[in-house]
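Below is one structure, written out as structure tokens; the observations come after it.
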Amino acid sequence: MTADDTTQHSTKGSYVHEGEAFERDMTYIPTRITRDGRDGYEVEAHRYRLIAARACPWANRTLIVRRLLGLEEAISVGMPGPTHDARSWTFDLDEGGKDPVLGIERLQEAYFQRFPDYERGITVPAIVDTRDGKVVTNDFDQITRDFSSEWTEFHRDGAPNLWPAEHAEEMEELIHFILHRVNNGVYKCGFAGTQEAYEEAYDELWDALDVLDERLSARRYLMGRSITEADVRLFVTLVRFDPVYHSHFKANRQTIRSMENLSGYLADLFQTPGFGDTVDFQQIKDHYYIVQEDVNPTQIVPKGPTMEWLLEPHGRDRFETNTWGDGGTAPLPPLESETVAQENTPLEITHR
């Protein structure tokens, strides 16, 4: 790529708009993959490819849920590299810079294959139909819901119920709270275009984290004894907090490590199969510090912090526990091709 290309496709101005609060565009491709194929896409093993960059928290959710439910054999995965320009995520980690299944260099090719005039962001996670190379959906909220409800035929034996009916109403309220106050709350801090917008977002974020810290003072997981998708959705933000959001997004009242209950909760989940073994800290830092030029114009990536503390005893087993739910079991180790590089995680990861 030439210097002119780099300048032309710079991300400057893509994230922070001076004088404005950050508002996330929540309009995604609404197509669903269902058992009845109501939208023209029927659940079918080996047909679809999940594109999910390890660096992205929204994509990380799908990698975790896919693992927990045992959908690795039914839905293949492609992983773009951690950096991209203003155009698209790229498959620069793959041989020849192309996804080995789809044969494309940029994810935008799959979007344009279905929508030639697609004008919104080229986001991950996305699911692509390998039959025609067209993107099916990038609706991160619905993708994991459908993994749990529509792909049950391909769930592994012992797959946990991540959406227990007895907690449905409370979970929806909690997930909405986490999305707007925490998952997106850190971005509202980092991409604020005014001091006032930043301070308002900062206060809302920390009020929410205090609420969650207190909630976890009396239960092991967000909904009680067992893991649910609410935990998946909170985990992906918490695990990025100390290495990125605390400094890069100026969410710096304190670290998650210093919080009484959230610290142990995060360490507990990080040590749980399917969670920490999907996390690549180097890719996470590379993505935020290199791509988001508005926030970090030097694009220098910090060496720290050390995340070894996530392996320390967490004490969360003092609470009543049924981690995987009745009849549930831990997922198998990751596939060899999907294992995080050892130098990018404090975990000693084995693979199958």
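Here's how to read the names in the structure tokens: chain A, B, ... by the order shown, residue numbers from 1 in each chain, ligand numbers from 1 in the order shown.
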
- region 81-315 of chain A: which residues are strand (DSSP E) by DSSP, as a PyMOL selection string? chain A and resi 126-129+134-137

Prev. selection, N, CA and C atoms, output as a PDB file, in the first residue's frame:
ATOM      1  N   ALA A 126     -19.963 -10.827  11.309  1.00  0.00           N
ATOM      2  CA  ALA A 126     -20.838 -10.962  10.146  1.00  0.00           C
ATOM      3  C   ALA A 126     -20.893 -12.433   9.782  1.00  0.00           C
ATOM      4  N   ILE A 127     -22.010 -12.864   9.255  1.00  0.00           N
ATOM      5  CA  ILE A 127     -22.141 -14.243   8.773  1.00  0.00           C
ATOM      6  C   ILE A 127     -22.311 -14.193   7.264  1.00  0.00           C
ATOM      7  N   VAL A 128     -21.518 -15.006   6.574  1.00  0.00           N
ATOM      8  CA  VAL A 128     -21.510 -15.028   5.108  1.00  0.00           C
ATOM      9  C   VAL A 128     -21.958 -16.413   4.630  1.00  0.00           C
ATOM     10  N   ASP A 129     -22.785 -16.439   3.610  1.00  0.00           N
ATOM     11  CA  ASP A 129     -23.213 -17.686   2.983  1.00  0.00           C
ATOM     12  C   ASP A 129     -22.097 -18.136   2.028  1.00  0.00           C
ATOM     13  N   LYS A 134     -22.171 -14.072  -0.224  1.00  0.00           N
ATOM     14  CA  LYS A 134     -22.907 -12.883   0.174  1.00  0.00           C
ATOM     15  C   LYS A 134     -23.073 -12.825   1.692  1.00  0.00           C
ATOM     16  N   VAL A 135     -22.915 -11.629   2.244  1.00  0.00           N
ATOM     17  CA  VAL A 135     -23.173 -11.456   3.666  1.00  0.00           C
ATOM     18  C   VAL A 135     -24.647 -11.741   3.941  1.00  0.00           C
ATOM     19  N   VAL A 136     -24.910 -12.403   5.049  1.00  0.00           N
ATOM     20  CA  VAL A 136     -26.292 -12.672   5.452  1.00  0.00           C
ATOM     21  C   VAL A 136     -26.733 -11.649   6.479  1.00  0.00           C
ATOM     22  N   THR A 137     -25.931 -11.491   7.537  1.00  0.00           N
ATOM     23  CA  THR A 137     -26.293 -10.577   8.618  1.00  0.00           C
ATOM     24  C   THR A 137     -25.057 -10.096   9.349  1.00  0.00           C
TER      25      THR A 137
END

- Considering only C-alpha atoms, return as a list in words whatever protein or nucleic-acid residues lie within 9 Å of Asn344 (chain A), sequence-local ones (same chain, fewer than 4 positions apart) excluded. Val279, Asp280, Phe281, Gln282, Gln283 and Val340 of chain A

- Message: Please return, as a PyMOL selection string, all residues of region 108-345 of chain A that DSSP assigns to alpha helix (DSSP H) on the basis of the backbone.
- Response: chain A and resi 108-114+140-149+168-178+185-190+195-215+229-240+246-248+262-270+281-286

- Message: Report as a PyMOL selection string all protein, DNA and RNA residues lying within 12 Å of region 41-45 of chain A, evaluated on only C-alpha atoms, omitting residues in the same chain fewer than 4 positions from it.
- Response: chain A and resi 30-37+49+71-76+127-131+134-137+146-147+149-155

Residues from the last selection, C-alpha atoms, saved as a short mmCIF file (atom, residue, chain, number, x, y, z; two decimals), in the first residue's frame:
data_model
loop_
_atom_site.label_atom_id
_atom_site.label_comp_id
_atom_site.auth_asym_id
_atom_site.auth_seq_id
_atom_site.Cartn_x
_atom_site.Cartn_y
_atom_site.Cartn_z
CA PRO A 30 -31.80 -7.71 9.92
CA THR A 31 -31.75 -11.00 7.96
CA ARG A 32 -31.87 -14.05 10.21
CA ILE A 33 -30.79 -17.66 9.76
CA THR A 34 -33.64 -19.77 11.13
CA ARG A 35 -34.88 -23.33 11.17
CA ASP A 36 -37.81 -22.42 8.95
CA GLY A 37 -35.75 -20.24 6.62
CA ARG A 49 -19.01 -18.75 7.81
CA LEU A 71 -21.15 -25.03 17.08
CA GLU A 72 -17.57 -25.08 15.77
CA GLU A 73 -18.20 -28.00 13.42
CA ALA A 74 -21.48 -26.58 12.11
CA ILE A 75 -20.37 -22.97 11.54
CA SER A 76 -16.83 -22.28 10.33
CA ILE A 127 -22.14 -14.24 8.77
CA VAL A 128 -21.51 -15.03 5.11
CA ASP A 129 -23.21 -17.69 2.98
CA THR A 130 -20.36 -19.72 1.50
CA ARG A 131 -22.54 -20.78 -1.44
CA LYS A 134 -22.91 -12.88 0.17
CA VAL A 135 -23.17 -11.46 3.67
CA VAL A 136 -26.29 -12.67 5.45
CA THR A 137 -26.29 -10.58 8.62
CA ASP A 146 -30.13 -17.35 17.16
CA PHE A 147 -27.12 -19.52 17.97
CA SER A 149 -32.53 -20.74 19.78
CA GLU A 150 -32.30 -21.70 16.09
CA TRP A 151 -29.17 -23.88 15.96
CA THR A 152 -30.20 -26.31 18.71
CA GLU A 153 -29.97 -29.31 16.35
CA PHE A 154 -26.21 -28.78 16.24
CA HIS A 155 -25.57 -27.97 19.90
#

- Task: Name the residues in contact with region 221-224 of chain A at a cut-off of 8 Å, using only C-alpha atoms, excluding same-chain residues fewer than 3 positions from it; report them as JSON, numbers by chain.
- Result: {"A": [167, 171, 215, 216, 227, 228, 230, 231, 265, 321]}

- Message: Can you pull out the residues contacting Phe249 (chain A)? Cut-off 12 Å, using only C-alpha atoms, and skip same-chain residues under 5 positions away; I want them as a list in words.
- Response: Tyr15, Val16, Asn184, Gly185, Val186, Tyr187, Lys188, Cys189, Gly190, Phe191, Ala192, Tyr198, Glu199, Ala201, Tyr202, Leu205, Arg240, Phe241, Asp242, Pro243, Val244, Tyr288, Tyr289, Gln292, Asp294, Val295 and Asn296 of chain A
